[in-house]
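Trainee: Below is final11.txt; it holds compact mmCIF, C-alpha atoms and all ligand atoms.
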# COMPACT_ATOMS: atom_id res chain seq x y z
CA MET A 671 0.00 0.00 0.00
CA LYS A 672 1.46 3.36 -1.05
CA LEU A 673 0.53 6.75 0.36
CA TYR A 674 1.44 9.79 -1.73
CA ALA A 675 1.69 12.55 0.81
CA HIS A 676 3.78 15.36 2.20
CA PRO A 677 4.62 15.61 5.91
CA PHE A 678 3.77 19.34 6.10
CA SER A 679 0.37 19.00 4.39
CA SER A 680 -2.64 19.16 6.65
CA TYR A 681 -4.70 16.62 4.70
CA SER A 682 -1.71 14.27 4.55
CA GLN A 683 -1.44 14.49 8.32
CA LYS A 684 -5.13 13.60 8.66
CA VAL A 685 -4.48 10.24 6.95
CA LEU A 686 -1.06 9.69 8.56
CA ILE A 687 -2.66 10.03 12.01
CA ALA A 688 -5.22 7.36 11.03
CA LEU A 689 -2.46 5.04 9.76
CA TYR A 690 -0.39 5.58 12.92
CA GLU A 691 -3.41 4.91 15.16
CA ASN A 692 -3.41 1.28 14.05
CA ALA A 693 0.29 1.03 13.17
CA THR A 694 -0.81 0.12 9.64
CA PRO A 695 2.21 -0.61 7.41
CA PHE A 696 2.49 1.44 4.20
CA GLU A 697 5.06 2.81 1.81
CA TYR A 698 5.43 6.57 2.23
CA ARG A 699 5.82 8.16 -1.22
CA SER A 700 6.89 11.57 0.01
CA LEU A 701 6.13 14.34 -2.45
CA GLU A 702 9.49 15.87 -1.59
CA ASP A 703 10.74 13.22 -4.04
CA PRO A 704 10.20 14.45 -7.65
CA ALA A 705 9.58 10.84 -8.79
CA ALA A 706 6.69 10.48 -6.33
CA ASP A 707 5.35 13.86 -7.44
CA ALA A 708 5.37 12.70 -11.07
CA GLU A 709 3.61 9.46 -10.11
CA LEU A 710 0.93 11.45 -8.29
CA ALA A 711 0.35 13.55 -11.44
CA SER A 712 -0.14 10.40 -13.50
CA LEU A 713 -2.56 8.92 -10.96
CA TRP A 714 -4.72 11.98 -10.26
CA PRO A 715 -4.76 14.91 -12.68
CA LEU A 716 -5.96 17.30 -9.97
CA LYS A 717 -2.83 16.41 -8.00
CA ARG A 718 -4.63 16.96 -4.72
CA PHE A 719 -3.08 14.86 -2.03
CA PRO A 720 -2.78 12.55 -0.18
CA ILE A 721 -3.91 9.61 -2.26
CA LEU A 722 -3.63 5.91 -1.47
CA VAL A 723 -2.78 3.19 -3.98
CA ASP A 724 -3.51 -0.37 -2.98
CA GLN A 725 -3.94 -3.57 -5.00
CA GLY A 726 -4.42 -1.65 -8.24
CA ARG A 727 -6.96 0.78 -6.76
CA THR A 728 -6.41 4.49 -6.36
CA ILE A 729 -8.32 5.90 -3.43
CA LEU A 730 -8.88 9.66 -3.46
CA GLU A 731 -10.10 11.96 -0.69
CA THR A 732 -8.92 11.67 2.89
CA THR A 733 -12.22 10.67 4.45
CA THR A 734 -12.65 7.89 1.90
CA ILE A 735 -9.05 6.76 2.44
CA ILE A 736 -9.72 6.42 6.18
CA GLU A 737 -12.98 4.55 5.47
CA TYR A 738 -11.00 2.28 3.13
CA LEU A 739 -8.39 1.59 5.81
CA GLN A 740 -11.07 0.64 8.29
CA ILE A 741 -12.66 -1.83 5.85
CA HIS A 742 -9.47 -3.37 4.43
CA TYR A 743 -6.91 -2.92 7.23
CA PRO A 744 -8.92 -2.87 10.46
CA GLY A 745 -6.99 -2.59 13.71
CA SER A 746 -7.77 -2.30 17.38
CA VAL A 747 -8.69 1.39 17.00
CA ARG A 748 -12.02 1.87 15.22
CA LEU A 749 -11.97 5.43 13.96
CA ILE A 750 -15.50 5.26 12.53
CA PRO A 751 -18.07 3.71 14.86
CA ASP A 752 -21.19 1.97 13.61
CA GLY A 753 -24.68 3.41 13.53
CA ASP A 754 -25.67 6.76 14.94
CA GLU A 755 -22.29 7.36 16.53
CA GLY A 756 -20.70 6.91 13.12
CA LEU A 757 -23.07 9.52 11.69
CA GLU A 758 -21.94 12.05 14.28
CA VAL A 759 -18.29 11.28 13.53
CA ARG A 760 -18.80 11.65 9.77
CA MET A 761 -20.74 14.89 10.25
CA LEU A 762 -17.98 16.40 12.38
CA ASP A 763 -15.31 15.22 9.93
CA ARG A 764 -17.14 17.20 7.22
CA VAL A 765 -17.40 20.21 9.54
CA PHE A 766 -13.61 20.27 10.05
CA ASP A 767 -12.80 19.78 6.37
CA ASN A 768 -15.33 22.30 5.09
CA TYR A 769 -15.34 24.99 7.76
CA VAL A 770 -11.88 24.83 9.34
CA MET A 771 -9.56 23.30 6.72
CA THR A 772 -11.10 25.18 3.75
CA PRO A 773 -10.97 28.71 5.23
CA MET A 774 -7.52 27.99 6.69
CA GLN A 775 -6.32 26.94 3.21
CA LYS A 776 -7.87 30.11 1.77
CA LEU A 777 -5.74 32.27 4.09
CA VAL A 778 -2.60 30.29 3.33
CA LEU A 779 -3.09 30.03 -0.43
CA ASP A 780 -4.01 33.69 -0.77
CA GLN A 781 -0.65 34.56 0.72
CA LEU A 782 1.08 32.52 -1.99
CA ARG A 783 -0.56 34.57 -4.77
CA PRO A 784 1.20 37.52 -6.39
CA GLU A 785 0.07 40.66 -4.54
CA PRO A 786 -2.21 42.02 -7.31
CA ASP A 787 -4.10 38.72 -7.49
CA ARG A 788 -4.89 38.50 -3.79
CA ASP A 789 -8.54 38.22 -2.80
CA SER A 790 -9.11 40.43 0.23
CA TYR A 791 -12.89 39.89 0.13
CA GLY A 792 -12.44 36.11 0.21
CA VAL A 793 -9.85 36.36 2.99
CA THR A 794 -12.19 38.46 5.16
CA GLU A 795 -14.96 35.95 4.50
CA ALA A 796 -12.66 33.04 5.48
CA ARG A 797 -11.71 34.78 8.74
CA GLY A 798 -15.41 35.26 9.49
CA VAL A 799 -16.10 31.54 8.91
CA LEU A 800 -13.24 30.64 11.27
CA ASP A 801 -14.55 32.98 13.97
CA ARG A 802 -18.02 31.43 13.76
CA ILE A 803 -16.84 27.83 13.65
CA TYR A 804 -14.44 28.43 16.56
CA ALA A 805 -17.43 29.62 18.63
CA TRP A 806 -19.54 26.62 17.57
CA LEU A 807 -16.81 24.08 18.27
CA ASP A 808 -16.02 25.68 21.63
CA GLU A 809 -19.63 25.22 22.70
CA ARG A 810 -19.78 21.69 21.30
CA LEU A 811 -16.67 20.64 23.23
CA THR A 812 -18.22 21.37 26.62
CA GLY A 813 -17.68 18.25 28.73
CA ARG A 814 -16.00 16.29 25.89
CA SER A 815 -12.44 14.98 25.67
CA TRP A 816 -12.62 14.35 21.94
CA ILE A 817 -14.91 16.04 19.46
CA ALA A 818 -17.39 13.17 19.19
CA GLY A 819 -17.18 12.02 22.81
CA ASP A 820 -14.82 9.82 24.81
CA THR A 821 -12.91 8.13 22.00
CA PHE A 822 -10.51 9.40 19.34
CA THR A 823 -12.15 9.11 15.90
CA LEU A 824 -11.95 10.10 12.25
CA ALA A 825 -13.29 13.52 13.27
CA ASP A 826 -10.29 14.05 15.56
CA CYS A 827 -7.96 13.01 12.70
CA ALA A 828 -9.54 15.87 10.69
CA ALA A 829 -9.56 18.25 13.66
CA ALA A 830 -5.89 17.91 14.58
CA PRO A 831 -4.16 19.31 11.47
CA SER A 832 -6.97 21.74 10.62
CA LEU A 833 -6.92 23.37 14.08
CA PHE A 834 -3.13 23.16 14.22
CA TYR A 835 -2.73 25.34 11.13
CA ALA A 836 -5.94 27.38 11.51
CA ASP A 837 -4.68 28.69 14.84
CA TRP A 838 -1.48 29.80 13.12
CA ALA A 839 -3.38 31.52 10.32
CA HIS A 840 -6.21 33.01 12.43
CA GLN A 841 -5.65 32.59 16.14
CA ILE A 842 -8.28 30.91 18.28
CA PRO A 843 -9.28 33.66 20.73
CA PRO A 844 -8.31 33.16 24.41
CA THR A 845 -12.02 33.24 25.30
CA ARG A 846 -12.55 29.92 23.45
CA THR A 847 -11.08 27.93 26.30
CA ASN A 848 -12.66 24.56 25.41
CA LEU A 849 -11.39 24.74 21.84
CA ARG A 850 -7.91 25.86 22.87
CA ALA A 851 -7.68 23.06 25.44
CA TYR A 852 -8.87 20.55 22.82
CA ARG A 853 -6.13 21.70 20.43
CA VAL A 854 -3.56 21.20 23.21
CA ARG A 855 -4.98 17.69 23.90
CA LEU A 856 -4.79 16.85 20.21
CA LEU A 857 -1.16 17.95 19.98
CA ALA A 858 -0.28 15.81 23.00
CA HIS A 859 -1.93 12.73 21.47
CA PRO A 860 0.97 10.44 20.36
CA THR A 861 -0.06 9.89 16.74
CA VAL A 862 -0.74 13.61 16.25
CA ALA A 863 2.55 14.54 17.95
CA ARG A 864 4.33 12.16 15.59
CA ALA A 865 2.78 13.77 12.49
CA VAL A 866 3.60 17.27 13.79
CA ASP A 867 7.19 16.25 14.56
CA GLU A 868 7.69 14.75 11.10
CA ALA A 869 6.56 18.08 9.60
CA ARG A 870 8.92 20.23 11.69
CA PRO A 871 11.73 20.34 9.08
CA TYR A 872 9.30 21.97 6.61
CA ARG A 873 7.95 24.82 8.74
CA SER A 874 9.62 27.39 6.51
CA TYR A 875 7.06 26.36 3.84
CA PHE A 876 4.31 28.13 5.82
CA PRO A 877 3.75 31.39 3.89
CA LEU A 878 2.24 33.31 6.80
CA VAL A 879 4.25 33.85 9.95
CA ALA A 880 4.59 30.49 11.76
CA PRO A 881 4.56 31.24 15.49
CA GLU A 882 7.46 30.05 17.63
CA ARG A 883 5.36 27.43 19.43
CA ASP A 884 3.73 24.02 19.04
N1 LIG B 901 -10.74 17.11 -0.26
C1 LIG B 901 -9.37 16.69 -0.39
C2 LIG B 901 -8.46 17.89 -0.14
C3 LIG B 901 -6.99 17.57 -0.35
C4 LIG B 901 -6.15 18.85 -0.40
O1 LIG B 901 -6.65 19.97 -0.60
N2 LIG B 901 -4.85 18.65 -0.25
C5 LIG B 901 -3.93 19.77 -0.38
C6 LIG B 901 -2.68 19.50 0.47
S1 LIG B 901 -3.04 19.68 2.19
C7 LIG B 901 -3.48 19.87 -1.81
O2 LIG B 901 -3.58 18.92 -2.55
N3 LIG B 901 -2.97 21.03 -2.22
C8 LIG B 901 -2.41 21.19 -3.54
C9 LIG B 901 -3.34 21.88 -4.48
O3 LIG B 901 -4.33 22.48 -4.05
O4 LIG B 901 -3.06 21.85 -5.68
C10 LIG B 901 -9.11 15.52 0.55
O5 LIG B 901 -9.80 15.37 1.57
O6 LIG B 901 -8.24 14.69 0.23
Show me this structure written as C-alpha cells.

Mentor:
Amino acid sequence: MKLYAHPFSSYSQKVLIALYENATPFEYRSLEDPAADAELASLWPLKRFPILVDQGRTILETTTIIEYLQIHYPGSVRLIPDGDEGLEVRMLDRVFDNYVMTPMQKLVLDQLRPEPDRDSYGVTEARGVLDRIYAWLDERLTGRSWIAGDTFTLADCAAAPSLFYADWAHQIPPTRTNLRAYRVRLLAHPTVARAVDEARPYRSYFPLVAPERD
C-alpha cells in the first residue's frame, strides 16, 4: 500500500494520524521526491493529495481513504463507529474539512498569490467563517475529551491538522477555552505529535508567519 503525501500538508497528516493509530504498514511516497510527485500527477490529474494506492486501486479523498483503511486494514482502533455514533463522527469530519480546513487553506493560499491577485474579500470571509466555527466548536466541546465524545475518531484526525494550522493563520481567541484546550490535547496525542514532529523540518514552507510554538 502506497501513500502519496507530504509531511507538512494538513490533509496528509489527517491520513497519517489514522495510519499511525493502528500502526498500519504502508510505503510513504513523500512528495518531496520528484519521482513520487510525477507518479501522483499520472494517478490523479488534480494532483490533490494525499492519495492511497492499494492492489491496483487508487483511493482519493482523505475521508474515503480512512474509510478504506477501516474496511481493508482494520486494527484495534475503530476510527468510525457503527450506527448513529458513526453519523456524528462523519458529520464532524465534514465540519472540520469544510469549515476549518477550507478557510484555513484560503488564508494560506491567498498569501502565496502575487500581490495584485490576492482576494481580500475572500480572505475576510474566510476569517469570518473561522470565527463562527471556533465559537460553535467551543460550545460543542463542553464536557468532551474528543470532538465526538470519549474516543478518538476520524473527526479528531480531521480536527488535529486543521486546528493546528488554523490557529497559526487566524488565532483561536483566548475566550474559546474549550477549543484551545482541545487543540492542546490533540497535539499531546501520540499519533498527532508524531505527524507534527515529522513536519517540523518543513515549517519554513508556511507562507504566513509560523509562530514560535507548538
Ligand atoms: N478534499 C481533499 C483535499 C486535499 C487537499 O486539498 N490537499 C492539499 C494538500 S493539504 C493539496 O492537494 N494542495 C495542492 C493543491 O491544491 O493543488 C481531501 O480530503 O483529500

Trainee: For the atom pair atom C10 of ligand LIG 901 (chain B) and atom CA of Pro751 of chain A, what is the interatomic distance in Å to one decimal place?

Mentor: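 The value is 20.6 Å.
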
Trainee: I'd like the interatomic distance between atom CA of Asp867 of chain A and atom CA of Pro677 of chain A, to a tenth of an Å.

Mentor: 9.0 Å

Trainee: Considering all atoms listed in the file, can you say which of A:Ala706, A:Ile735, A:Val866, A:Cys827 comes closest to ligand LIG 901 (chain B)?

Mentor: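 Counting all atoms listed in the file, the residue closest to ligand LIG 901 (chain B) is A:Ile735.
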
Trainee: So, counting only C-alpha atoms and all ligand atoms, which residue among A:His742, A:Arg788, A:Arg764, A:Arg699 is closest to ligand LIG 901 (chain B)?

Mentor: A:Arg764

Trainee: Using only C-alpha atoms and all ligand atoms, can you tell me which of A:Trp838, A:Phe719, A:Tyr769, A:Tyr738 comes closest to ligand LIG 901 (chain B)?

Mentor: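 Among the listed residues, the smallest separation from ligand LIG 901 (chain B) belongs to A:Phe719.
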
Trainee: Measure the distance from atom CA of Glu731 of chain A to atom C1 of ligand LIG 901 (chain B) in Å and round it to one decimal.

Mentor: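 Separation between atom CA of Glu731 of chain A and atom C1 of ligand LIG 901 (chain B): 4.8 Å.
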
Trainee: Would you pick out the contacts of Leu713 of chain A at 9 Å or less, using all atoms listed in the file, so that residues sharing its chain but fewer than 5 positions from it are not included, and give the list as a list of chain:residue names?

Mentor: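 Here the qualifying residues turn out to be A:Ala708, A:Ile721, A:Thr728.
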
Trainee: For ligand LIG 901 (chain B), list the contacting residues at 7 Å or closer, counting only C-alpha atoms and all ligand atoms, as a list in words.

Mentor: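 Using only C-alpha atoms and all ligand atoms, everything at most 7 Å from ligand LIG 901 (chain B) comes to Ser679, Ser680, Tyr681, Ser682, Leu716, Lys717, Arg718, Phe719, Pro720, Leu730, Glu731, Thr732 and Thr733 of chain A.
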
Trainee: Using only C-alpha atoms, can you tell me which of A:Leu856, A:Ala688, A:Ile729, A:Ala675 comes closest to Asp707 of chain A?

Mentor: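 Closest candidate: A:Ala675.
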
Trainee: Between A:Leu673, A:Ile736, A:Leu689, A:Ala828, which one has atoms that come closest to Asp767 of chain A, using only C-alpha atoms?

Mentor: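 The answer is A:Ala828, which sits nearest to Asp767 of chain A.
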
Trainee: Which one is closest to Asp780 of chain A: A:Ala796, A:Tyr804, A:Ser712, A:Leu762? Count all atoms listed in the file.

Mentor: A:Ala796

Trainee: Put a box with edges along x, y and z around all the listed atoms of segment 718-730 of chain A, pad it by 5 Å on each side, then give me its centre and sizes in Å, one decimal, as JSON.

Mentor:
{"center_x": -5.8, "center_y": 6.7, "center_z": -4.2, "size_x": 16.1, "size_y": 30.5, "size_z": 18.1}

Trainee: Excluding Leu782 of chain A and any residue of its chain fewer than 5 positions from it, enumerate the residues within 12 Å of it, using only C-alpha atoms, and give them as a PyMOL selection string.

Mentor: chain A and resi 775-777+787-789+875-878

Trainee: Counting all atoms listed in the file, which residues come within 12 Å of (-13.3, 36.1, 6.5), with the point read in the file's coordinates, and could you list them as a ChimeraX atom specification?

Mentor: /A:769-770,772-777,789-803,839-840

Trainee: List the neighbours of Pro860 of chain A out to 10 Å using only C-alpha atoms; skip same-chain residues closer than 4 positions along the sequence, and give me the result as a list in words.

Mentor: Ile687, Tyr690, Glu691, Leu856, Arg864, Ala865 and Val866 of chain A

Trainee: Near His859 of chain A, within 10 Å and counting all atoms listed in the file, which residues show up once chain neighbours fewer than 4 positions away are dropped, as a count of residues only?

Mentor: 8

Trainee: Please list as a list in words every residue within 12 Å of Asp754 of chain A, counting only C-alpha atoms and excluding residues in the same chain fewer than 6 positions away.

Mentor: Arg760, Met761 and Ala818 of chain A
